[in-house]
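Engineer: Contents of protein.cif (mmCIF, C-alpha atoms) are given next:
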```cif
data_protein
#
loop_
_atom_site.label_atom_id
_atom_site.label_comp_id
_atom_site.auth_asym_id
_atom_site.auth_seq_id
_atom_site.Cartn_x
_atom_site.Cartn_y
_atom_site.Cartn_z
CA MET A 1 -16.61 3.79 0.65
CA HIS A 2 -19.22 1.64 2.32
CA GLY A 3 -21.28 2.57 5.34
CA SER A 4 -20.93 0.81 8.67
CA LEU A 5 -22.75 -2.49 9.01
CA VAL A 6 -25.52 -2.95 11.55
CA GLY A 7 -26.28 -6.13 13.50
CA SER A 8 -24.62 -8.54 15.88
CA PRO A 9 -23.50 -11.54 13.83
CA ARG A 10 -22.12 -14.54 15.66
CA ARG A 11 -18.79 -16.15 14.98
CA PRO A 12 -19.18 -18.79 12.23
CA GLN A 13 -18.46 -22.31 13.46
CA HIS A 14 -17.05 -23.45 10.10
CA ILE A 15 -14.03 -21.18 10.32
CA ARG A 16 -10.98 -22.80 11.80
CA SER A 17 -10.52 -21.80 15.38
CA LYS A 18 -6.77 -22.41 15.28
CA ALA A 19 -5.05 -19.06 14.96
CA ILE A 20 -1.55 -17.69 14.99
CA PHE A 21 -1.18 -14.35 16.64
CA ASP A 22 1.56 -11.80 16.95
CA THR A 23 1.24 -9.06 19.54
CA ALA A 24 2.80 -5.65 19.60
CA CYS A 25 1.66 -4.17 22.88
CA CYS A 26 4.29 -5.36 25.37
CA SER A 27 6.70 -3.13 27.20
CA ARG A 28 10.34 -3.04 26.13
CA LEU A 29 13.33 -3.37 28.42
CA SER A 30 14.92 -0.48 26.56
CA GLY A 31 14.04 1.97 23.82
CA GLU A 32 13.28 0.50 20.40
CA LEU A 33 15.26 1.12 17.22
CA SER A 34 13.83 3.20 14.38
CA LEU A 35 15.29 3.62 10.91
CA ASP A 36 15.70 7.01 9.27
CA LYS A 37 16.82 7.27 5.65
CA THR A 38 18.37 10.44 4.23
CA TYR A 39 19.88 11.09 0.81
CA LEU A 40 23.56 11.99 0.39
CA TYR A 41 25.02 14.38 -2.19
CA PRO A 42 28.76 13.58 -2.38
CA SER A 43 31.21 15.55 -4.46
CA PRO A 44 32.93 13.73 -7.36
CA ALA A 45 35.95 12.96 -5.15
CA GLN A 46 33.74 11.73 -2.33
CA ARG A 47 31.73 9.59 -4.74
CA LEU A 48 34.95 7.95 -5.89
CA SER A 49 35.95 7.28 -2.26
CA LEU A 50 32.54 5.74 -1.55
CA GLU A 51 32.83 3.48 -4.58
CA GLU A 52 36.34 2.39 -3.58
CA THR A 53 35.11 1.62 -0.07
CA LEU A 54 32.23 -0.40 -1.47
CA GLU A 55 34.51 -2.37 -3.78
CA THR A 56 36.97 -3.16 -0.98
CA CYS A 57 34.14 -4.38 1.25
CA ARG A 58 32.80 -6.51 -1.59
CA ARG A 59 36.14 -8.23 -2.11
CA TRP A 60 36.49 -8.86 1.62
CA TYR A 61 33.01 -10.39 1.64
CA ASN A 62 33.95 -12.76 -1.19
CA THR A 63 37.24 -13.63 0.55
CA CYS A 64 35.43 -14.60 3.76
CA LEU A 65 32.84 -16.58 1.83
CA ALA A 66 35.55 -18.47 -0.07
CA GLU A 67 37.31 -19.31 3.21
CA ARG A 68 34.14 -20.75 4.73
CA LYS A 69 33.30 -22.71 1.61
CA GLU A 70 36.78 -24.21 1.13
CA ALA A 71 37.15 -25.07 4.82
CA TRP A 72 33.96 -27.12 4.71
CA GLU A 73 34.58 -28.76 1.32
CA LYS A 74 38.19 -29.77 2.06
CA GLU A 75 38.30 -30.25 5.84
CA HIS A 76 34.62 -30.39 6.91
CA ARG A 77 35.48 -27.56 9.29
CA ASP A 78 33.25 -24.66 10.23
CA VAL A 79 34.72 -21.15 10.13
CA GLY A 80 32.83 -18.95 12.56
CA LYS A 81 32.20 -15.24 12.78
CA TYR A 82 34.69 -14.54 15.57
CA GLU A 83 37.48 -16.37 13.77
CA GLN A 84 37.03 -14.14 10.73
CA LEU A 85 36.70 -11.01 12.86
CA ARG A 86 40.18 -11.72 14.23
CA GLN A 87 41.49 -11.79 10.65
CA VAL A 88 40.43 -8.20 9.94
CA LYS A 89 43.59 -6.73 11.44
CA GLU A 90 45.82 -8.97 9.33
CA TYR A 91 43.84 -8.26 6.16
CA ARG A 92 44.17 -4.50 6.69
CA ARG A 93 47.90 -4.97 7.10
CA GLN A 94 48.27 -6.93 3.86
CA ASN A 95 45.86 -5.00 1.64
CA GLU A 96 46.67 -1.34 1.04
CA TYR A 97 43.08 -0.47 0.13
CA ALA A 98 41.70 -2.21 3.22
CA GLY A 99 44.32 -0.46 5.34
CA ARG A 100 42.77 2.90 4.47
CA LEU A 101 39.36 1.88 5.74
CA HIS A 102 38.01 1.97 9.26
CA SER A 103 38.19 -1.49 10.83
CA HIS A 104 34.48 -1.40 11.68
CA LEU A 105 33.61 -1.45 7.98
CA LEU A 106 35.25 -4.84 7.50
CA GLN A 107 33.85 -6.15 10.77
CA VAL A 108 30.31 -5.30 9.64
CA VAL A 109 30.98 -7.20 6.39
CA VAL A 110 31.82 -10.31 8.44
CA GLN A 111 28.64 -9.86 10.46
CA ASP A 112 26.58 -9.53 7.25
CA LEU A 113 28.05 -12.77 5.90
CA ASP A 114 27.34 -14.54 9.18
CA LYS A 115 23.70 -13.40 9.01
CA ALA A 116 23.49 -14.83 5.48
CA PHE A 117 24.74 -18.21 6.74
CA CYS A 118 22.37 -18.16 9.73
CA ALA A 119 19.44 -17.57 7.35
CA PHE A 120 20.74 -20.38 5.12
CA PHE A 121 20.83 -22.88 8.00
CA GLN A 122 17.35 -21.83 9.13
CA ARG A 123 15.97 -22.54 5.66
CA VAL A 124 17.67 -25.93 5.64
CA LYS A 125 16.17 -26.74 9.04
CA LYS A 126 12.67 -25.77 7.86
CA GLY A 127 12.98 -27.88 4.70
CA GLU A 128 12.80 -24.87 2.38
CA THR A 129 14.98 -24.20 -0.66
CA PRO A 130 18.26 -23.33 1.11
CA GLY A 131 19.88 -20.84 -1.28
CA TYR A 132 23.58 -21.03 -0.34
CA PRO A 133 25.20 -17.56 0.06
CA ARG A 134 26.61 -16.41 -3.24
CA TYR A 135 29.68 -14.47 -4.25
CA LYS A 136 28.87 -10.81 -4.84
CA GLY A 137 29.47 -9.42 -8.30
CA GLN A 138 30.39 -5.82 -8.96
CA HIS A 139 26.75 -4.76 -9.20
CA ARG A 140 25.42 -7.09 -6.51
CA PHE A 141 26.94 -5.39 -3.46
CA ASP A 142 25.50 -1.97 -2.70
CA SER A 143 25.93 -1.13 0.98
CA PHE A 144 28.36 -0.98 3.88
CA GLY A 145 27.91 -0.03 7.51
CA LEU A 146 29.48 1.41 10.64
CA LYS A 147 28.40 0.20 14.05
CA GLU A 148 29.33 2.92 16.58
CA TYR A 149 28.42 6.59 16.49
CA GLY A 150 31.46 8.82 16.92
CA ASN A 151 33.81 6.03 15.88
CA GLY A 152 33.98 6.17 12.10
CA PHE A 153 30.97 8.41 11.52
CA LYS A 154 29.14 11.31 13.13
CA VAL A 155 26.80 14.15 12.23
CA ASP A 156 28.88 17.31 11.86
CA GLY A 157 26.57 20.29 11.60
CA ARG A 158 24.39 19.69 8.54
CA ARG A 159 26.80 17.17 7.06
CA LEU A 160 27.69 13.54 7.67
CA LYS A 161 31.34 12.92 8.44
CA LEU A 162 32.58 9.49 7.34
CA SER A 163 36.00 8.06 8.03
CA GLY A 164 38.13 8.13 4.88
CA VAL A 165 35.52 10.05 2.87
CA GLY A 166 35.04 13.40 4.60
CA ARG A 167 32.05 15.64 5.28
CA ILE A 168 29.25 14.71 2.88
CA ARG A 169 26.38 17.01 2.08
CA VAL A 170 23.04 15.63 3.32
CA ARG A 171 19.44 16.61 2.65
CA TRP A 172 17.85 16.41 6.11
CA HIS A 173 14.13 15.96 5.51
CA ARG A 174 13.60 15.79 9.30
CA PRO A 175 15.81 15.89 12.41
CA LEU A 176 17.13 12.61 13.77
CA GLU A 177 15.20 11.41 16.81
CA GLY A 178 16.74 9.65 19.77
CA LYS A 179 20.28 8.33 20.07
CA VAL A 180 22.05 7.39 16.83
CA LYS A 181 23.49 3.87 17.08
CA THR A 182 24.59 2.73 13.59
CA VAL A 183 24.56 3.87 9.99
CA ARG A 184 24.30 2.04 6.68
CA ILE A 185 25.51 3.72 3.49
CA CYS A 186 23.55 2.45 0.48
CA ARG A 187 23.79 2.92 -3.27
CA GLN A 188 20.58 2.51 -5.23
CA ALA A 189 19.91 3.54 -8.82
CA GLY A 190 23.11 5.59 -8.82
CA LYS A 191 22.08 7.58 -5.73
CA TRP A 192 23.63 7.38 -2.27
CA SER A 193 21.73 7.38 1.00
CA ALA A 194 22.40 6.92 4.71
CA CYS A 195 20.11 4.77 6.88
CA PHE A 196 20.48 5.65 10.56
CA ALA A 197 19.38 3.27 13.30
CA CYS A 198 18.30 5.38 16.28
CA GLU A 199 17.25 4.31 19.75
CA VAL A 200 14.01 6.10 20.56
CA GLU A 201 11.47 5.93 23.33
CA GLU A 202 8.05 4.46 22.73
CA LYS A 203 5.23 6.90 22.05
CA PRO A 204 2.00 5.12 23.01
CA LEU A 205 -1.14 6.57 21.52
CA PRO A 206 -4.29 7.15 23.59
CA SER A 207 -6.64 4.18 23.66
CA THR A 208 -9.61 4.24 21.31
CA GLY A 209 -11.32 1.04 22.47
CA LYS A 210 -11.86 -0.06 18.87
CA ALA A 211 -10.90 -3.25 17.04
CA VAL A 212 -10.98 -4.02 13.33
CA GLY A 213 -10.60 -7.02 11.06
CA ILE A 214 -8.81 -6.57 7.74
CA ASP A 215 -9.06 -8.66 4.59
CA VAL A 216 -6.41 -7.98 1.96
CA GLY A 217 -6.97 -8.77 -1.68
CA VAL A 218 -6.07 -8.14 -5.28
CA GLN A 219 -9.30 -6.51 -6.45
CA HIS A 220 -9.28 -4.18 -3.41
CA LEU A 221 -6.10 -3.59 -1.45
CA LEU A 222 -7.99 -4.14 1.80
CA ALA A 223 -11.47 -4.11 3.30
CA THR A 224 -12.24 -3.60 6.98
CA SER A 225 -14.94 -5.10 9.17
CA GLU A 226 -16.47 -1.61 9.45
CA GLY A 227 -17.22 -1.51 5.73
CA GLU A 228 -14.29 0.66 4.60
CA VAL A 229 -12.73 -0.40 1.30
CA ILE A 230 -9.36 0.89 0.03
CA GLU A 231 -8.77 0.39 -3.67
CA ASN A 232 -5.59 -1.17 -5.03
CA PRO A 233 -3.56 1.55 -6.81
CA ARG A 234 -1.71 -1.10 -8.92
CA TRP A 235 1.54 0.87 -9.08
CA TYR A 236 3.49 -1.64 -11.18
CA SER A 237 0.69 -2.29 -13.66
CA CYS A 238 0.21 1.44 -14.27
CA GLU A 239 3.91 1.94 -15.01
CA GLN A 240 4.41 -1.26 -17.01
CA LYS A 241 4.17 0.47 -20.38
CA GLN A 242 7.05 2.81 -19.51
CA LEU A 243 9.03 -0.10 -18.09
CA ARG A 244 8.71 -1.99 -21.39
CA VAL A 245 10.18 0.99 -23.24
CA LEU A 246 13.13 1.20 -20.84
CA GLN A 247 13.69 -2.57 -20.92
CA ARG A 248 13.86 -2.55 -24.72
CA ARG A 249 16.28 0.37 -24.60
CA VAL A 250 18.61 -1.63 -22.35
CA SER A 251 18.43 -4.76 -24.50
CA ARG A 252 19.39 -2.78 -27.65
CA ARG A 253 22.50 -1.23 -26.15
CA LYS A 254 25.95 -2.79 -26.54
CA LEU A 255 27.26 -4.69 -23.53
CA GLY A 256 29.88 -2.73 -21.62
CA GLY A 257 29.11 0.56 -23.35
CA SER A 258 28.39 3.89 -21.66
CA ASN A 259 24.99 4.14 -23.35
CA ARG A 260 23.97 0.82 -21.82
CA ARG A 261 24.98 2.07 -18.36
CA LYS A 262 22.80 5.14 -18.88
CA ALA A 263 19.87 2.98 -20.00
CA VAL A 264 20.28 0.69 -16.99
CA SER A 265 20.33 3.71 -14.67
CA ALA A 266 17.09 5.02 -16.19
CA LEU A 267 15.46 1.60 -15.71
CA GLN A 268 16.66 1.43 -12.11
CA ARG A 269 15.24 4.90 -11.38
CA GLN A 270 11.85 3.88 -12.76
CA HIS A 271 11.75 0.76 -10.57
CA GLU A 272 12.78 2.86 -7.57
CA HIS A 273 9.99 5.33 -8.32
CA ILE A 274 7.42 2.50 -8.31
CA ALA A 275 8.79 1.09 -5.06
CA ASN A 276 8.68 4.52 -3.42
CA GLN A 277 5.07 5.00 -4.49
CA ARG A 278 4.08 1.68 -2.97
CA LYS A 279 6.04 2.28 0.23
CA ASP A 280 4.61 5.77 0.75
CA PHE A 281 1.02 4.64 0.23
CA LEU A 282 1.30 1.59 2.51
CA ASN A 283 2.95 3.66 5.24
CA LYS A 284 0.02 6.08 5.17
CA VAL A 285 -2.51 3.24 5.27
CA ALA A 286 -0.72 1.60 8.21
CA HIS A 287 -0.51 4.90 10.10
CA SER A 288 -4.22 5.55 9.58
CA LEU A 289 -5.15 2.11 10.96
CA ILE A 290 -2.82 2.36 13.95
CA VAL A 291 -4.20 5.75 14.96
CA ARG A 292 -7.85 4.60 14.83
CA TYR A 293 -7.77 1.10 16.33
CA ASP A 294 -6.33 -0.55 19.44
CA ARG A 295 -6.43 -4.06 17.98
CA ILE A 296 -5.97 -5.02 14.34
CA VAL A 297 -6.66 -8.55 13.09
CA LEU A 298 -5.05 -9.70 9.84
CA GLU A 299 -4.94 -12.90 7.82
CA ASP A 300 -1.72 -14.88 8.25
CA LEU A 301 -1.28 -15.46 4.52
CA HIS A 302 1.44 -17.71 3.12
CA ILE A 303 2.50 -15.25 0.44
CA GLN A 304 5.44 -17.32 -0.82
CA GLY A 305 3.08 -20.15 -1.67
CA MET A 306 0.41 -17.91 -3.18
CA VAL A 307 2.78 -16.24 -5.65
CA ARG A 308 3.43 -19.64 -7.26
CA ASN A 309 0.12 -19.15 -9.03
CA ARG A 310 1.35 -17.57 -12.26
CA HIS A 311 -1.99 -15.88 -12.84
CA LEU A 312 -1.79 -13.93 -9.57
CA THR A 313 1.96 -13.50 -8.99
CA LYS A 314 2.25 -9.99 -10.40
CA SER A 315 -0.92 -8.73 -8.73
CA ILE A 316 -0.01 -10.11 -5.29
CA LEU A 317 3.51 -8.71 -5.32
CA ASP A 318 2.27 -5.38 -6.67
CA ALA A 319 -0.21 -5.05 -3.79
CA GLY A 320 2.55 -5.36 -1.17
CA TRP A 321 0.71 -7.46 1.44
CA GLY A 322 3.91 -8.42 3.23
CA THR A 323 5.08 -4.81 3.45
CA LEU A 324 1.74 -3.73 4.88
CA LYS A 325 1.86 -6.45 7.55
CA ARG A 326 5.42 -5.52 8.57
CA ARG A 327 4.57 -1.82 8.77
CA LEU A 328 1.52 -2.51 10.92
CA VAL A 329 3.51 -4.67 13.35
CA ASP A 330 6.35 -2.14 13.57
CA LYS A 331 4.08 0.87 14.07
CA ALA A 332 1.96 -1.05 16.58
CA ALA A 333 5.03 -1.78 18.70
CA GLU A 334 5.80 1.94 18.93
CA ALA A 335 2.19 3.02 19.54
CA GLY A 336 1.27 0.34 22.10
CA ARG A 337 -1.27 -1.32 19.78
CA GLN A 338 -1.88 -5.01 19.13
CA VAL A 339 -1.69 -6.83 15.79
CA ILE A 340 -3.08 -10.36 15.60
CA LEU A 341 -2.57 -12.80 12.71
CA VAL A 342 -5.26 -15.47 12.27
CA HIS A 343 -5.71 -18.46 9.99
CA PRO A 344 -7.48 -17.37 6.77
CA ALA A 345 -9.31 -20.66 6.08
CA TYR A 346 -12.98 -20.23 5.07
CA THR A 347 -13.09 -16.55 6.02
CA SER A 348 -14.25 -15.62 2.50
CA LYS A 349 -16.69 -18.51 2.03
CA THR A 350 -18.59 -18.20 5.31
CA CYS A 351 -21.54 -15.99 6.11
CA SER A 352 -20.60 -13.62 8.93
CA SER A 353 -24.21 -13.58 10.16
CA CYS A 354 -25.44 -17.19 10.26
CA GLY A 355 -22.25 -19.19 9.61
CA ALA A 356 -23.42 -20.83 6.38
CA VAL A 357 -20.66 -21.95 3.99
CA TRP A 358 -20.84 -21.12 0.27
CA GLU A 359 -18.88 -23.96 -1.32
CA ASP A 360 -19.63 -22.82 -4.88
CA LEU A 361 -18.22 -19.31 -4.34
CA THR A 362 -15.63 -18.40 -6.98
CA ARG A 363 -12.96 -15.72 -7.11
CA ALA A 364 -15.04 -13.76 -9.63
CA ASP A 365 -17.94 -13.36 -7.16
CA ARG A 366 -17.45 -9.95 -5.53
CA TRP A 367 -20.86 -9.67 -3.82
CA VAL A 368 -22.31 -12.30 -1.48
CA GLU A 369 -25.89 -12.94 -0.46
CA CYS A 370 -27.22 -15.42 2.09
CA ALA A 371 -30.61 -16.91 2.90
CA CYS A 372 -30.44 -15.24 6.32
CA GLY A 373 -30.71 -11.84 4.63
CA LEU A 374 -27.04 -10.86 4.52
CA SER A 375 -26.01 -8.98 1.38
CA MET A 376 -22.67 -7.21 1.23
CA GLU A 377 -19.26 -6.91 -0.39
CA ARG A 378 -17.38 -10.21 -0.30
CA ASP A 379 -14.20 -8.69 1.21
CA VAL A 380 -16.13 -6.88 3.95
CA ASN A 381 -17.82 -10.14 4.92
CA ALA A 382 -14.41 -11.83 5.11
CA ALA A 383 -13.05 -8.98 7.26
CA MET A 384 -15.91 -9.46 9.73
CA ASN A 385 -15.13 -13.18 9.98
CA ILE A 386 -11.45 -12.37 10.56
CA LEU A 387 -12.39 -10.03 13.40
CA TRP A 388 -14.55 -12.70 15.07
CA VAL A 389 -11.71 -15.24 14.94
CA GLY A 390 -9.26 -12.69 16.35
CA GLN A 391 -11.55 -11.79 19.25
CA ALA A 392 -11.00 -15.27 20.69
CA HIS A 393 -7.40 -14.22 21.42
CA TRP A 394 -7.95 -10.97 23.29
CA GLY A 395 -5.79 -11.02 26.39
CA LYS A 396 -3.53 -13.88 25.25
CA SER A 397 -0.63 -11.56 24.48
CA THR A 398 2.97 -12.76 24.51
CA ALA A 399 6.32 -11.20 23.68
CA ILE A 400 6.69 -9.27 20.44
CA GLY A 401 7.52 -11.48 17.51
CA LEU A 402 6.55 -14.72 19.27
CA ARG A 403 4.01 -16.71 17.26
CA LEU A 404 2.11 -19.42 19.12
CA PRO A 405 -0.67 -21.62 17.74
CA GLN A 406 -3.68 -21.46 20.06
CA GLU A 407 -7.09 -23.06 20.04
CA ALA A 408 -9.76 -20.37 20.03
CA THR A 409 -12.46 -20.73 22.65
CA PRO A 410 -15.97 -20.93 21.14
CA LEU A 411 -18.03 -17.79 21.49
#
```
Let me see the structure of the file written as structure tokens.
Structural biologist:
Amino acid sequence: MHGSLVGSPRRPQHIRSKAIFDTACCSRLSGELSLDKTYLYPSPAQRLSLEETLETCRRWYNTCLAERKEAWEKEHRDVGKYEQLRQVKEYRRQNEYAGRLHSHLLQVVVQDLDKAFCAFFQRVKKGETPGYPRYKGQHRFDSFGLKEYGNGFKVDGRRLKLSGVGRIRVRWHRPLEGKVKTVRICRQAGKWSACFACEVEEKPLPSTGKAVGIDVGVQHLLATSEGEVIENPRWYSCEQKQLRVLQRRVSRRKLGGSNRRKAVSALQRQHEHIANQRKDFLNKVAHSLIVRYDRIVLEDLHIQGMVRNRHLTKSILDAGWGTLKRRLVDKAAEAGRQVILVHPAYTSKTCSSCGAVWEDLTRADRWVECACGLSMERDVNAAMNILWVGQAHWGKSTAIGLRLPQEATPL
């Protein structure tokens, strides 16, 4: 932990003034949606019903995908979402397994497929690798949803009542807040969970009048412009030895055997444990920042491009920069805070006091010194530069999620 830095450095002129910002302080027309995940403990019969429901939804997904694909390849005709929604009734009439399910389950499957195609067309438009929607194998489809509370699902006492499954035992770690809108039943590492989408009212926090710049990294998870440094726990790297053991155990088991299924389940549980560690830690970091600061300035890093560096891929993904950014934006929307994303160019190579540029600075240099007398941690210096760039955009707030390039006014 570093002490607070004294002085009034000016904004370096060498840093790009063009910034992209994303605000989270605007009022909503209605309450916002929050997600609440709870674990389910179905009986053996209920587990079988859940698996049958999942398999039926998977086959319906593949059927709809095949229809869209064949219609375009043979007739150059687009099959839309509403056309396939009208086919749900006929499919339930023809398929005895689908006839047992609530119609909303199959309708949500059509909506999921349509979202996959919308994302595909967006990637094509941006010139990225498109990634055409794929058929879902037996172990590649792990969730289904219901879209209206009281119609197919509802909370019955301390249990969740699902259409066609019954009253499932639930471990309520906290009461549901707000009005329940939808539910998503997920299977992960052999365990079942329910993700509720609830409409809740905003809970703005009292203003603190403080702003902070944040520089994320691999050596340290993040450093703030006030001198605070949070170390990178390196969750994946710490558990890699155990993962190697479990991976070898899977590779030595016979394909299709029960022992292989057990080994795969153990490997899945270990990966889930690592993901939960990362998620819990980043949630706590984001909450701490949101409580203390009114405005938070982050680098707008192109993570997809950075992970192409094979020397840094594992470390970048293990740090969870993207998850931290998403959590900050989501929590800021609820708390009435503002999150600003700025261009990261030259923030690490510029002196935050006099604006001098260190062209010979390498990634191994963790401490920077300047002829003007500045001497501090490299990441803290970068965080101060990020804050100065973000300050040019105070008061230029737009709607949540809208990202506009703006020229920063010189200070």
Engineer: What does the structure give for the distance between atom CA of Tyr135 of chain A and atom CA of Ala119 of chain A, in Å to one decimal?
Structural biologist: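 Between atom CA of Tyr135 of chain A and atom CA of Ala119 of chain A the gap is 15.8 Å.
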Engineer: Using only C-alpha atoms, which residue out of A:Leu35, A:Val307, A:Met384, A:Val155 lies closest to Cys198 of chain A?
Structural biologist: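 With only C-alpha atoms as the atom set, the closest residue is A:Leu35.
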Engineer: Using all atoms listed in the file, can you list as a list in words the residues within 9 Å of (-19.1, -13.7, 9.7)?
Structural biologist: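 Within the cut-off we find Pro9, Arg10, Arg11, Pro12, Thr347, Ser348, Thr350, Cys351, Ser352, Ser353, Cys354, Gly355, Ala356, Asn381, Ala382, Ala383, Met384, Asn385, Ile386, Leu387 and Trp388 of chain A.
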Engineer: Please identify all polymer residues within 6 Å of segment 143-151 of chain A, counting all atoms listed in the file, omitting same-chain residues fewer than 6 positions from it, and present them as a PyMOL selection string.
Structural biologist: chain A and resi 104-105+181-186
Engineer: Could you give me, as a tab-separated table, a per-residue list for segment 169-243 of chain A showing, wherever an atom lies at most 12 Å from an atom of segment 253-275 of chain A, the closest pair of atoms and their distance in Å to one decimal, using all atoms listed in the file and sorting by chain then residue number from low to high?
Structural biologist:
```
residue	atom	partner	partner_atom	distance
A:Arg187	CA	A:Gln268	CA	11.5
A:Gln188	CA	A:Gln268	CA	8.0
A:Ala189	CA	A:Gln268	CA	5.1
A:Gly190	CA	A:Ser265	CA	6.7
A:Lys191	CA	A:Arg269	CA	9.3
A:Pro233	CA	A:Ile274	CA	11.1
A:Arg234	CA	A:Ile274	CA	9.8
A:Trp235	CA	A:Ile274	CA	6.2
A:Tyr236	CA	A:Ile274	CA	6.4
A:Ser237	CA	A:Ile274	CA	9.8
A:Cys238	CA	A:Ile274	CA	9.4
A:Glu239	CA	A:Ile274	CA	7.6
A:Gln240	CA	A:Ile274	CA	9.9
A:Lys241	CA	A:Gln270	CA	11.3
A:Gln242	CA	A:Gln270	CA	8.4
A:Leu243	CA	A:Leu267	CA	7.1
```
Engineer: Could you write those residues out with C-alpha atoms, as a CSV table (one decimal), in the coordinates of the input?
Structural biologist:
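Okay, this is what ended up in out-v1.csv:
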```csv
chain,number,residue,atom,x,y,z
A,187,ARG,CA,23.8,2.9,-3.3
A,188,GLN,CA,20.6,2.5,-5.2
A,189,ALA,CA,19.9,3.5,-8.8
A,190,GLY,CA,23.1,5.6,-8.8
A,191,LYS,CA,22.1,7.6,-5.7
A,233,PRO,CA,-3.6,1.6,-6.8
A,234,ARG,CA,-1.7,-1.1,-8.9
A,235,TRP,CA,1.5,0.9,-9.1
A,236,TYR,CA,3.5,-1.6,-11.2
A,237,SER,CA,0.7,-2.3,-13.7
A,238,CYS,CA,0.2,1.4,-14.3
A,239,GLU,CA,3.9,1.9,-15.0
A,240,GLN,CA,4.4,-1.3,-17.0
A,241,LYS,CA,4.2,0.5,-20.4
A,242,GLN,CA,7.0,2.8,-19.5
A,243,LEU,CA,9.0,-0.1,-18.1
```
Engineer: Leaving out Thr323 of chain A and any residue of its chain fewer than 3 positions from it, which residues lie within 10 Å of it when counting all atoms listed in the file, given as number ranges by chain?
Structural biologist: A: 278-279, 282-283, 286, 317, 319-320, 326-328
Engineer: Taking (15.9, 11.4, 4.3) as a centre in this file's frame and 6 Å as the limit, can you find every polymer residue with an atom that close, using all atoms listed in the file, and give them as a ChimeraX atom specification?
Structural biologist: /A:37-39,172-173
Engineer: Please write as a short mmCIF file (atom, residue, chain, number, x, y, z; two decimals) with C-alpha atoms, keeping the file's coordinate frame the full residue list that the PyMOL selection byres ((chain A and resi 224) around 6) yields on this file.
Structural biologist:
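That gives us out-v2.cif:
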```
data_model
loop_
_atom_site.label_atom_id
_atom_site.label_comp_id
_atom_site.auth_asym_id
_atom_site.auth_seq_id
_atom_site.Cartn_x
_atom_site.Cartn_y
_atom_site.Cartn_z
CA GLY A 213 -10.60 -7.02 11.06
CA ILE A 214 -8.81 -6.57 7.74
CA ALA A 223 -11.47 -4.11 3.30
CA SER A 225 -14.94 -5.10 9.17
CA GLU A 226 -16.47 -1.61 9.45
CA GLY A 227 -17.22 -1.51 5.73
CA GLU A 228 -14.29 0.66 4.60
CA VAL A 380 -16.13 -6.88 3.95
CA ALA A 383 -13.05 -8.98 7.26
#
```
Engineer: Grab the atom CA of Gly152 of chain A to atom CA of Arg167 of chain A distance for me, in Å with one decimal place.
Structural biologist: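 Computing the Euclidean distance for atom CA of Gly152 of chain A and atom CA of Arg167 of chain A yields 11.8 Å.
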